[in-house]
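File shown: query-v8.csv (CSV, C-alpha atoms and all ligand atoms).
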chain,number,residue,atom,x,y,z
K,1,MET,CA,9.4,14.3,-33.6
K,2,PRO,CA,6.4,12.5,-32.2
K,3,ASP,CA,6.0,12.3,-28.4
K,4,PHE,CA,7.8,9.2,-27.0
K,5,LEU,CA,4.8,8.8,-24.7
K,6,ASP,CA,1.7,9.6,-26.6
K,7,PHE,CA,-1.6,9.0,-24.7
K,8,LYS,CA,-3.8,11.2,-26.8
K,9,GLY,CA,-7.3,9.8,-27.0
K,10,LYS,CA,-6.4,7.1,-24.4
K,11,LYS,CA,-8.5,6.5,-21.3
K,12,ILE,CA,-6.6,5.4,-18.3
K,13,PHE,CA,-8.1,4.2,-15.0
K,14,VAL,CA,-5.9,4.9,-12.0
K,15,THR,CA,-6.7,3.6,-8.5
K,16,GLY,CA,-5.1,5.1,-5.4
K,17,ALA,CA,-5.0,8.3,-7.4
K,18,ALA,CA,-5.0,10.5,-4.3
K,19,GLY,CA,-1.7,9.0,-3.1
K,20,GLY,CA,1.8,9.9,-4.0
K,21,MET,CA,2.4,7.6,-6.9
K,22,GLY,CA,-1.2,7.8,-8.1
K,23,GLN,CA,-1.0,11.5,-8.3
K,24,ALA,CA,2.4,11.5,-10.0
K,25,VAL,CA,1.4,9.0,-12.7
K,26,SER,CA,-1.9,10.8,-13.3
K,27,ALA,CA,-0.1,14.1,-13.8
K,28,LEU,CA,2.4,12.5,-16.2
K,29,LEU,CA,-0.3,10.7,-18.3
K,30,ALA,CA,-2.5,13.8,-18.5
K,31,ALA,CA,0.5,15.8,-19.6
K,32,HIS,CA,0.9,13.4,-22.5
K,33,GLY,CA,-2.8,13.6,-23.5
K,34,ALA,CA,-4.6,10.9,-21.6
K,35,HIS,CA,-8.1,11.1,-20.3
K,36,LEU,CA,-7.9,10.0,-16.6
K,37,ILE,CA,-10.5,8.1,-14.6
K,38,LEU,CA,-9.4,8.5,-11.0
K,39,LEU,CA,-10.4,6.4,-8.0
K,40,ASP,CA,-9.6,6.6,-4.3
K,41,ARG,CA,-11.3,6.4,-1.0
K,42,ASN,CA,-9.9,9.8,0.0
K,43,LYS,CA,-12.2,12.3,-1.7
K,44,GLU,CA,-10.4,15.5,-0.6
K,45,GLN,CA,-7.0,14.4,-1.9
K,46,LEU,CA,-8.6,12.9,-5.0
K,47,ASP,CA,-10.0,16.3,-5.9
K,48,VAL,CA,-6.6,17.8,-5.4
K,49,THR,CA,-5.2,15.3,-7.9
K,50,ARG,CA,-8.0,15.9,-10.5
K,51,ILE,CA,-7.9,19.7,-10.2
K,52,GLY,CA,-4.1,19.7,-10.7
K,53,LEU,CA,-4.2,17.7,-14.0
K,54,GLU,CA,-3.7,19.1,-17.5
K,55,GLY,CA,-6.8,19.0,-19.6
K,56,SER,CA,-10.4,19.2,-18.3
K,57,ASP,CA,-12.3,16.1,-19.0
K,58,HIS,CA,-11.0,13.9,-16.2
K,59,THR,CA,-13.4,12.2,-13.9
K,60,SER,CA,-13.1,10.7,-10.4
K,61,TYR,CA,-14.9,8.1,-8.3
K,62,VAL,CA,-14.7,7.7,-4.5
K,63,CYS,CA,-14.8,4.1,-3.4
K,64,ASP,CA,-13.4,1.9,-0.6
K,65,LEU,CA,-11.7,-0.9,-2.5
K,66,GLY,CA,-11.7,-3.0,0.7
K,67,GLN,CA,-15.4,-3.6,-0.1
K,68,ILE,CA,-14.7,-6.2,-2.8
K,69,ASP,CA,-18.4,-7.0,-3.4
K,70,ALA,CA,-19.1,-3.4,-4.4
K,71,ILE,CA,-16.4,-3.3,-7.1
K,72,GLU,CA,-18.3,-5.1,-9.9
K,73,GLY,CA,-21.2,-2.6,-9.7
K,74,LEU,CA,-18.9,0.3,-9.7
K,75,MET,CA,-16.9,-1.0,-12.7
K,76,SER,CA,-20.1,-1.5,-14.8
K,77,GLN,CA,-21.1,2.1,-13.8
K,78,ILE,CA,-17.7,3.3,-14.9
K,79,THR,CA,-17.9,1.5,-18.2
K,80,LYS,CA,-21.3,2.9,-18.8
K,81,GLU,CA,-20.3,6.4,-18.0
K,82,GLN,CA,-16.8,6.5,-19.5
K,83,GLY,CA,-16.7,3.8,-22.2
K,84,ALA,CA,-14.0,1.3,-22.8
K,85,VAL,CA,-10.5,2.0,-21.3
K,86,ASP,CA,-7.0,1.6,-22.6
K,87,GLY,CA,-5.1,1.2,-19.4
K,88,LEU,CA,-5.4,0.4,-15.7
K,89,VAL,CA,-2.9,1.4,-13.0
K,90,HIS,CA,-3.6,-0.1,-9.6
K,91,CYS,CA,-1.8,2.1,-7.1
K,92,ALA,CA,-4.3,1.7,-4.2
K,93,GLY,CA,-2.6,0.0,-1.4
K,94,ILE,CA,-2.0,-0.1,2.4
K,95,ALA,CA,1.4,-0.8,4.0
K,96,ASN,CA,0.5,-1.8,7.5
K,97,VAL,CA,3.1,-3.5,9.6
K,98,ARG,CA,2.3,-5.9,12.3
K,99,PRO,CA,4.2,-8.6,14.2
K,100,LEU,CA,3.1,-12.1,13.2
K,101,LYS,CA,1.7,-12.8,16.6
K,102,LEU,CA,-0.9,-10.0,16.1
K,103,SER,CA,-1.5,-10.8,12.4
K,104,LYS,CA,-4.8,-12.5,12.9
K,105,TYR,CA,-6.9,-13.7,9.9
K,106,SER,CA,-9.2,-10.6,10.0
K,107,TYR,CA,-6.1,-8.4,9.6
K,108,MET,CA,-4.6,-10.5,6.9
K,109,VAL,CA,-7.9,-10.4,5.0
K,110,ASP,CA,-8.1,-6.6,5.3
K,111,VAL,CA,-4.6,-6.2,3.7
K,112,MET,CA,-5.2,-8.8,1.0
K,113,ASN,CA,-8.6,-7.2,0.1
K,114,VAL,CA,-7.1,-3.8,-0.6
K,115,ASN,CA,-3.7,-4.8,-2.0
K,116,TYR,CA,-4.6,-8.0,-3.9
K,117,PHE,CA,-8.3,-9.0,-4.2
K,118,SER,CA,-9.4,-5.5,-5.3
K,119,PHE,CA,-6.8,-5.7,-8.1
K,120,VAL,CA,-8.0,-9.1,-9.3
K,121,GLU,CA,-11.6,-8.0,-9.2
K,122,ILE,CA,-11.0,-4.8,-11.1
K,123,VAL,CA,-9.0,-6.7,-13.8
K,124,ARG,CA,-11.7,-9.3,-14.0
K,125,CYS,CA,-14.3,-6.6,-14.7
K,126,ILE,CA,-12.2,-4.5,-16.9
K,127,THR,CA,-11.3,-7.3,-19.2
K,128,LYS,CA,-14.9,-8.1,-20.0
K,129,ARG,CA,-16.0,-7.4,-23.6
K,130,LYS,CA,-16.9,-3.7,-24.1
K,131,ALA,CA,-15.0,-2.6,-21.0
K,132,PHE,CA,-11.6,-2.3,-22.8
K,133,ASN,CA,-10.1,-1.2,-26.1
K,134,PRO,CA,-7.7,-3.3,-28.0
K,135,GLY,CA,-4.2,-3.1,-26.6
K,136,LEU,CA,-5.3,-2.7,-23.0
K,137,SER,CA,-2.3,-2.5,-20.7
K,138,ILE,CA,-2.6,-3.3,-17.0
K,139,VAL,CA,0.0,-2.2,-14.4
K,140,GLY,CA,-0.1,-3.2,-10.8
K,141,ILE,CA,2.0,-1.5,-8.2
K,142,CYS,CA,3.8,-4.3,-6.4
K,143,SER,CA,6.8,-3.8,-4.1
K,144,ILE,CA,10.3,-5.2,-3.8
K,145,GLY,CA,8.9,-6.4,-0.5
K,146,ALA,CA,7.4,-9.3,-2.5
K,147,PHE,CA,10.9,-10.7,-3.0
K,148,TYR,CA,12.6,-10.7,0.4
K,149,GLY,CA,11.8,-11.4,4.0
K,150,ALA,CA,11.2,-8.7,6.6
K,151,PRO,CA,9.8,-8.8,10.1
K,152,THR,CA,6.2,-7.5,10.5
K,153,LYS,CA,5.5,-7.6,6.8
K,154,THR,CA,3.8,-11.0,6.4
K,155,ALA,CA,0.5,-9.5,5.2
K,156,TYR,CA,2.0,-6.7,3.0
K,157,SER,CA,4.7,-8.8,1.3
K,158,SER,CA,2.3,-11.7,0.7
K,159,SER,CA,-0.2,-9.4,-0.9
K,160,LYS,CA,2.4,-8.0,-3.2
K,161,ALA,CA,3.8,-11.4,-4.1
K,162,ALA,CA,0.3,-12.6,-4.8
K,163,MET,CA,-0.2,-9.6,-7.1
K,164,TYR,CA,2.9,-10.5,-9.1
K,165,ALA,CA,1.9,-14.2,-9.4
K,166,ALA,CA,-1.5,-13.1,-10.6
K,167,VAL,CA,-0.1,-10.8,-13.2
K,168,LYS,CA,2.0,-13.6,-14.7
K,169,CYS,CA,-1.1,-15.8,-15.0
K,170,MET,CA,-3.2,-12.9,-16.4
K,171,ALA,CA,-0.5,-12.1,-18.9
K,172,VAL,CA,-0.8,-15.7,-20.3
K,173,GLU,CA,-4.5,-16.0,-20.1
K,174,LEU,CA,-5.2,-12.5,-21.6
K,175,ALA,CA,-2.6,-12.5,-24.3
K,176,GLU,CA,-5.1,-13.8,-26.8
K,177,LYS,CA,-7.2,-10.8,-26.2
K,178,GLY,CA,-4.2,-8.6,-26.8
K,179,VAL,CA,-4.1,-7.5,-23.2
K,180,ARG,CA,-0.8,-7.0,-21.4
K,181,ALA,CA,-0.3,-7.2,-17.6
K,182,ASN,CA,2.8,-6.2,-15.7
K,183,VAL,CA,3.9,-4.9,-12.3
K,184,VAL,CA,6.2,-2.2,-11.2
K,185,ALA,CA,8.0,-3.0,-7.9
K,186,PRO,CA,9.2,0.2,-6.2
K,187,GLY,CA,11.7,0.4,-3.5
K,188,SER,CA,11.3,3.1,-0.8
K,189,THR,CA,9.7,6.1,-2.5
K,190,ARG,CA,9.0,9.5,-1.0
K,191,THR,CA,5.2,9.4,-0.5
K,192,GLY,CA,2.8,9.5,2.4
K,193,MET,CA,3.3,5.8,2.8
K,194,MET,CA,7.0,6.2,3.4
K,195,GLU,CA,6.3,9.0,5.9
K,196,GLN,CA,4.0,6.5,7.7
K,197,ALA,CA,6.7,3.9,7.7
K,198,GLU,CA,9.2,6.4,9.1
K,199,GLU,CA,7.0,7.4,12.0
K,200,TYR,CA,8.2,4.4,14.0
K,201,SER,CA,11.4,3.4,12.3
K,202,ALA,CA,13.2,6.6,11.3
K,203,GLY,CA,16.6,6.8,12.9
K,204,THR,CA,16.8,3.1,13.8
K,205,ASP,CA,19.9,1.2,12.5
K,206,SER,CA,17.9,-1.3,10.6
K,207,TYR,CA,16.0,1.4,8.7
K,208,LYS,CA,19.2,3.3,7.9
K,209,GLN,CA,20.8,0.1,6.7
K,210,LYS,CA,17.7,-0.7,4.5
K,211,LEU,CA,17.9,2.7,2.8
K,212,SER,CA,21.7,2.6,2.4
K,213,ARG,CA,21.1,-0.3,0.0
K,214,GLN,CA,19.1,1.8,-2.3
K,215,TYR,CA,22.4,2.8,-4.0
K,216,LEU,CA,20.9,5.5,-6.1
K,217,GLY,CA,19.0,7.0,-3.2
K,218,ILE,CA,15.3,7.2,-2.3
K,219,CYS,CA,12.9,7.1,-5.3
K,220,GLU,CA,10.6,10.0,-6.1
K,221,PRO,CA,7.0,9.2,-7.1
K,222,GLU,CA,7.9,10.6,-10.6
K,223,ASP,CA,10.5,7.8,-11.0
K,224,ILE,CA,7.8,5.2,-10.5
K,225,ALA,CA,5.3,7.2,-12.7
K,226,ASN,CA,7.8,7.1,-15.6
K,227,SER,CA,8.1,3.3,-15.5
K,228,ILE,CA,4.3,2.9,-15.2
K,229,ALA,CA,3.8,5.2,-18.2
K,230,PHE,CA,6.4,3.2,-20.2
K,231,LEU,CA,4.6,-0.1,-19.5
K,232,LEU,CA,1.2,1.4,-20.4
K,233,SER,CA,2.6,2.7,-23.7
K,234,ASP,CA,2.9,0.9,-27.0
K,235,LYS,CA,6.7,1.1,-26.6
K,236,ALA,CA,6.3,-1.8,-24.2
K,237,ARG,CA,4.1,-3.8,-26.6
K,238,MET,CA,6.1,-7.0,-26.3
K,239,ILE,CA,6.4,-6.8,-22.5
K,240,THR,CA,3.8,-8.8,-20.5
K,241,GLY,CA,4.0,-10.8,-17.2
K,242,ALA,CA,7.0,-8.8,-16.2
K,243,CYS,CA,8.1,-7.1,-13.1
K,244,LEU,CA,10.0,-3.8,-13.5
K,245,THR,CA,11.9,-3.0,-10.2
K,246,VAL,CA,12.5,0.6,-9.6
K,247,ASP,CA,14.6,0.6,-6.4
K,248,GLY,CA,17.8,2.4,-6.9
K,249,GLY,CA,19.6,-0.9,-7.2
K,250,LYS,CA,18.5,-2.5,-3.9
K,251,MET,CA,17.5,-5.9,-5.4
K,252,SER,CA,20.9,-6.3,-7.1
K,253,THR,CA,22.6,-7.3,-3.8
Z,1,MET,CA,-11.0,-2.3,31.2
Z,2,THR,CA,-9.5,-2.9,34.7
Z,3,ASN,CA,-5.8,-2.3,35.4
Z,4,GLU,CA,-5.5,-6.0,35.9
Z,5,GLU,CA,-6.8,-6.7,32.4
Z,6,LYS,CA,-4.5,-4.1,30.9
Z,7,LEU,CA,-1.5,-5.6,32.6
Z,8,HIS,CA,-2.4,-9.1,31.2
Z,9,LEU,CA,-2.6,-7.6,27.7
Z,10,LEU,CA,0.9,-6.0,28.3
Z,11,GLU,CA,2.3,-9.3,29.6
Z,12,ASP,CA,1.0,-10.9,26.5
Z,13,VAL,CA,2.6,-8.3,24.2
Z,14,PHE,CA,5.9,-8.5,26.0
Z,15,GLU,CA,5.7,-12.4,26.2
Z,16,LEU,CA,6.0,-12.4,29.9
Z,17,ASP,CA,4.4,-14.8,32.4
Z,18,GLU,CA,1.2,-13.7,34.0
Z,19,ASN,CA,1.4,-11.4,37.0
Z,20,THR,CA,5.0,-10.4,36.4
Z,21,LEU,CA,4.3,-6.8,35.5
Z,22,THR,CA,3.5,-4.1,38.0
Z,23,PRO,CA,2.6,-0.4,37.3
Z,24,GLU,CA,5.7,1.0,38.9
Z,25,MET,CA,8.1,-1.0,36.8
Z,26,VAL,CA,10.5,1.1,34.7
Z,27,LEU,CA,10.4,0.2,31.0
Z,28,ALA,CA,14.2,0.6,30.5
Z,29,ASP,CA,14.6,-2.2,33.0
Z,30,ILE,CA,12.4,-4.7,31.1
Z,31,GLU,CA,14.6,-6.7,28.8
Z,32,GLU,CA,11.6,-7.7,26.7
Z,33,TYR,CA,10.7,-4.1,25.9
Z,34,ASP,CA,12.5,-4.1,22.5
Z,35,SER,CA,11.6,-2.7,19.1
Z,36,MET,CA,9.4,-5.6,18.2
Z,37,SER,CA,7.4,-5.4,21.4
Z,38,LYS,CA,7.1,-1.7,21.0
Z,39,LEU,CA,5.5,-2.3,17.6
Z,40,SER,CA,3.2,-5.0,19.1
Z,41,LEU,CA,2.2,-2.4,21.8
Z,42,ILE,CA,1.1,0.1,19.1
Z,43,VAL,CA,-0.9,-2.6,17.4
Z,44,MET,CA,-2.4,-4.0,20.6
Z,45,ILE,CA,-3.5,-0.5,21.8
Z,46,ASP,CA,-5.0,0.2,18.4
Z,47,ASP,CA,-6.9,-3.2,18.5
Z,48,GLU,CA,-8.0,-3.2,22.1
Z,49,CYS,CA,-8.3,0.5,23.0
Z,50,HIS,CA,-8.9,2.0,19.5
Z,51,LYS,CA,-6.3,4.6,20.1
Z,52,LYS,CA,-3.4,5.6,17.9
Z,53,LEU,CA,-0.1,5.7,19.7
Z,54,THR,CA,2.5,7.8,17.8
Z,55,GLY,CA,6.2,7.3,17.8
Z,56,GLU,CA,6.6,10.5,19.8
Z,57,GLN,CA,4.2,9.4,22.5
Z,58,LEU,CA,5.8,6.0,22.7
Z,59,LYS,CA,9.2,7.6,23.4
Z,60,GLU,CA,7.8,9.5,26.3
Z,61,PHE,CA,6.7,6.3,28.2
Z,62,GLU,CA,8.9,5.7,31.2
Z,63,THR,CA,6.9,3.2,33.3
Z,64,ILE,CA,4.2,0.6,32.9
Z,65,GLN,CA,1.9,3.1,34.6
Z,66,ASP,CA,2.4,5.5,31.7
Z,67,ILE,CA,1.2,2.9,29.3
Z,68,LEU,CA,-1.8,2.0,31.5
Z,69,ASP,CA,-2.7,5.7,31.7
Z,70,PHE,CA,-2.5,6.0,27.9
Z,71,MET,CA,-4.7,2.9,27.4
Z,72,GLY,CA,-7.4,4.8,29.4
V,1,LIG,N1,6.0,4.5,-1.0
V,1,LIG,C1,6.8,3.4,-1.0
V,1,LIG,O1,7.9,3.4,-0.5
V,1,LIG,C2,6.3,2.2,-1.7
V,1,LIG,C3,7.2,1.1,-1.9
V,1,LIG,C4,6.8,0.0,-2.6
V,1,LIG,C5,5.5,-0.2,-3.0
V,1,LIG,N2,4.6,0.9,-2.8
V,1,LIG,C6,3.2,0.7,-3.3
V,1,LIG,O2,2.9,1.7,-4.2
V,1,LIG,C7,1.5,1.9,-4.2
V,1,LIG,C8,1.2,3.4,-4.0
V,1,LIG,O3,1.6,3.8,-2.8
V,1,LIG,P1,2.1,5.3,-2.4
V,1,LIG,O4,3.5,5.3,-2.0
V,1,LIG,O5,1.6,6.3,-3.4
V,1,LIG,O6,1.2,5.5,-1.0
V,1,LIG,P2,0.1,6.5,-0.6
V,1,LIG,O7,-0.3,6.1,0.7
V,1,LIG,O8,0.5,7.9,-0.9
V,1,LIG,O9,-1.1,6.1,-1.7
V,1,LIG,C9,-1.9,5.0,-1.5
V,1,LIG,C10,-3.3,5.5,-2.0
V,1,LIG,O10,-4.2,4.3,-1.9
V,1,LIG,C11,-5.4,4.7,-1.4
V,1,LIG,N3,-6.1,3.6,-0.7
V,1,LIG,C12,-5.7,2.9,0.3
V,1,LIG,N4,-6.7,2.0,0.7
V,1,LIG,C13,-7.7,2.2,-0.2
V,1,LIG,C14,-9.0,1.6,-0.3
V,1,LIG,N5,-9.4,0.7,0.6
V,1,LIG,N6,-9.8,2.0,-1.3
V,1,LIG,C15,-9.4,3.0,-2.1
V,1,LIG,N7,-8.2,3.6,-2.1
V,1,LIG,C16,-7.4,3.2,-1.1
V,1,LIG,C17,-5.1,5.8,-0.3
V,1,LIG,O11,-6.2,6.6,0.0
V,1,LIG,C18,-3.9,6.5,-1.0
V,1,LIG,O12,-4.4,7.6,-1.8
V,1,LIG,C19,0.9,1.1,-3.0
V,1,LIG,O13,0.3,-0.1,-3.5
V,1,LIG,C20,2.2,0.7,-2.2
V,1,LIG,O14,2.0,-0.6,-1.6
V,1,LIG,C21,5.0,2.0,-2.2

Could you express the structure from this file as structure tokens?
Amino acid sequence: MPDFLDFKGKKIFVTGAAGGMGQAVSALLAAHGAHLILLDRNKEQLDVTRIGLEGSDHTSYVCDLGQIDAIEGLMSQITKEQGAVDGLVHCAGIANVRPLKLSKYSYMVDVMNVNYFSFVEIVRCITKRKAFNPGLSIVGICSIGAFYGAPTKTAYSSSKAAMYAAVKCMAVELAEKGVRANVVAPGSTRTGMMEQAEEYSAGTDSYKQKLSRQYLGICEPEDIANSIAFLLSDKARMITGACLTVDGGKMST
Amino acid sequence: MTNEEKLHLLEDVFELDENTLTPEMVLADIEEYDSMSKLSLIVMIDDECHKKLTGEQLKEFETIQDILDFMG
């Protein structure tokens, strides 16, 4: 029986590949035959991801995606060196929390740059002629935070809501090129980002209450990776402009 | 930064009137020292003093003087 997820001969570009979800999705895709192009600002962890992958022809690029002006040059370098790609997964993101009174414009822009503008800029470059193969599938990692209010998360939640809105527009605009664009919206997932969030909130009533509403428990990075892989695959060929929540049921109440 | 400047920053973080904080004040007695102002404190110290205040260090603070000392 053929592999349900077959990525043999496919080139997939993964940003934030040094992080928890980036690493998990890279490992899954490589195990199903994909050639990975990895990107992160953290070189050390990026090497750990690359070395741990099945197969040997994976490549990696170190880049700070907060520097939006540098993305176009990097993307044309990647196209030149790697050829056209079949998939993009944007996992790079920061989850800073800040009370509104300290969320000045410069802070808001920093968060928007990494979580949102870098995504739009990469999609803009990757959907140019010769940069992608027919059937390109784009998956942005959003967050269920895009859908409900929470204190201290104005920047983060807005950046994720913006990503989802952008993906819906991209889905419509790029459909004629045969390109699909979707988001996966994880709930709390066991990665470095969750550890960072727990540094100040672990043990507080509001945090316990928040987690108790993930009825199936805390997500593992592999749970998110499975959904990303599905959306990248041909099995999702009629899915575009969609948001797949992977949150143990949290958004159902 | 002088102690006076630091106290003003703290008054701002806790949303208190100017000149209401003194170094010997005990944090547990300050009503405004709640979870939101603790988070604001972490951010302010990062912005103004370029220092990362961990959750553990935060728990050890007992008086305003402890915060002033940490701010350096
Ligand atoms: N972990 C969760 O609970 C959770 C929940 C909802 C959404 N998300 C989203 O999932 C995505 C992946 O997060 P994760 O949980 O794997 O976190 P993570 O912190 O383990 O990974 C994020 C990765 O992004 C990279 N990155 C950050 N800023 C960058 C920049 N300027 N340039 C290049 N790379 C940069 C980091 O180096 C890191 O490797 C993020 O977009 C996050 O917002 C996470």

Report as an MDAnalysis selection string the set of chain K residues whose atoms approach chain Z to within 7 Å, with distances computed over all atoms listed in the file.
chainID K and resid 98:99 199:200

Show me, as a list in words, the residues that have an atom within 12 Å of Ile30 (chain Z) when counting all atoms listed in the file, minus same-chain residues fewer than 4 positions from it.
Leu10, Glu11, Phe14, Glu15, Leu16, Thr20, Leu21, Thr22, Glu24, Met25, Val26, Asp34, Ser37, Lys38, Glu62, Thr63 and Ile64 of chain Z

Length of the CA of Ser143 (chain K) to CA of Val123 (chain K) vector [Å]:
18.8 Å

Please give me, as an MDAnalysis selection string, the residues lying within 7 Å of ligand LIG 1 (chain V) when counting all atoms listed in the file.
chainID K and resid 15:22 39:42 63:66 91:95 114:115 141:144 185:194

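One distance worth recording is that between CA of Thr59 (chain K) and CA of Thr240 (chain K), which is 27.9 Å.
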
Would you mind listing what lies within 12 Å of Thr2 (chain Z) as a PyMOL selection string, with only C-alpha atoms counted and same-chain residues fewer than 4 positions away left out?
chain Z and resi 6-9+68-69+71-72

Just want the 9 Å neighbourhood of region 104-113 of chain K, counted on all atoms listed in the file, with same-chain residues fewer than 4 positions away dropped. Output as a PDB file with C-alpha atoms, in the coordinates of the input.
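Below you can see out-v1.pdb, which holds the result:
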ATOM      1  CA  LEU K  65     -11.700  -0.900  -2.500  1.00  0.00           C
ATOM      2  CA  GLY K  66     -11.700  -3.000   0.700  1.00  0.00           C
ATOM      3  CA  GLN K  67     -15.400  -3.600  -0.100  1.00  0.00           C
ATOM      4  CA  ILE K  68     -14.700  -6.200  -2.800  1.00  0.00           C
ATOM      5  CA  GLY K  93      -2.600   0.000  -1.400  1.00  0.00           C
ATOM      6  CA  ILE K  94      -2.000  -0.100   2.400  1.00  0.00           C
ATOM      7  CA  ALA K  95       1.400  -0.800   4.000  1.00  0.00           C
ATOM      8  CA  ASN K  96       0.500  -1.800   7.500  1.00  0.00           C
ATOM      9  CA  LEU K 100       3.100 -12.100  13.200  1.00  0.00           C
ATOM     10  CA  PHE K 117      -8.300  -9.000  -4.200  1.00  0.00           C
ATOM     11  CA  SER K 118      -9.400  -5.500  -5.300  1.00  0.00           C
ATOM     12  CA  PHE K 119      -6.800  -5.700  -8.100  1.00  0.00           C
ATOM     13  CA  THR K 154       3.800 -11.000   6.400  1.00  0.00           C
ATOM     14  CA  ALA K 155       0.500  -9.500   5.200  1.00  0.00           C
ATOM     15  CA  TYR K 156       2.000  -6.700   3.000  1.00  0.00           C
ATOM     16  CA  SER K 158       2.300 -11.700   0.700  1.00  0.00           C
ATOM     17  CA  SER K 159      -0.200  -9.400  -0.900  1.00  0.00           C
ATOM     18  CA  LYS K 160       2.400  -8.000  -3.200  1.00  0.00           C
ATOM     19  CA  ALA K 162       0.300 -12.600  -4.800  1.00  0.00           C
TER      20      ALA K 162
END

Taking 2 positions as the minimum chain separation for residues in the same chain, which residues sit within 10 Å of Ser26 (chain K) when counting only C-alpha atoms? Answer as number ranges by chain.
K: 12-15, 17-18, 21-24, 28-32, 34-38, 49-50, 52-54, 89, 225, 229

Dump of C-alpha atoms for the selected residues, as a CSV table (one decimal), in the frame of the given file:
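part.csv, written as the output of this step:
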chain,number,residue,atom,x,y,z
K,12,ILE,CA,-6.6,5.4,-18.3
K,13,PHE,CA,-8.1,4.2,-15.0
K,14,VAL,CA,-5.9,4.9,-12.0
K,15,THR,CA,-6.7,3.6,-8.5
K,17,ALA,CA,-5.0,8.3,-7.4
K,18,ALA,CA,-5.0,10.5,-4.3
K,21,MET,CA,2.4,7.6,-6.9
K,22,GLY,CA,-1.2,7.8,-8.1
K,23,GLN,CA,-1.0,11.5,-8.3
K,24,ALA,CA,2.4,11.5,-10.0
K,28,LEU,CA,2.4,12.5,-16.2
K,29,LEU,CA,-0.3,10.7,-18.3
K,30,ALA,CA,-2.5,13.8,-18.5
K,31,ALA,CA,0.5,15.8,-19.6
K,32,HIS,CA,0.9,13.4,-22.5
K,34,ALA,CA,-4.6,10.9,-21.6
K,35,HIS,CA,-8.1,11.1,-20.3
K,36,LEU,CA,-7.9,10.0,-16.6
K,37,ILE,CA,-10.5,8.1,-14.6
K,38,LEU,CA,-9.4,8.5,-11.0
K,49,THR,CA,-5.2,15.3,-7.9
K,50,ARG,CA,-8.0,15.9,-10.5
K,52,GLY,CA,-4.1,19.7,-10.7
K,53,LEU,CA,-4.2,17.7,-14.0
K,54,GLU,CA,-3.7,19.1,-17.5
K,89,VAL,CA,-2.9,1.4,-13.0
K,225,ALA,CA,5.3,7.2,-12.7
K,229,ALA,CA,3.8,5.2,-18.2

Between CA of Gly87 (chain K) and CA of Ser137 (chain K), distance in Å (one decimal)
4.8 Å

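Among the candidate residues Z:Met1, Z:Asp66, Z:Glu31, Z:Pro23, the one lying nearest to Cys49 (chain Z) is Z:Met1, with distances computed using all atoms listed in the file.
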
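Excluding Ala131 (chain K) itself and same-chain residues fewer than 3 positions from it, the residues having an atom within 7 Å of it are K:Thr79, K:Gly83, K:Ala84, K:Val85, K:Ile126, K:Thr127, K:Lys128, counting all atoms listed in the file.
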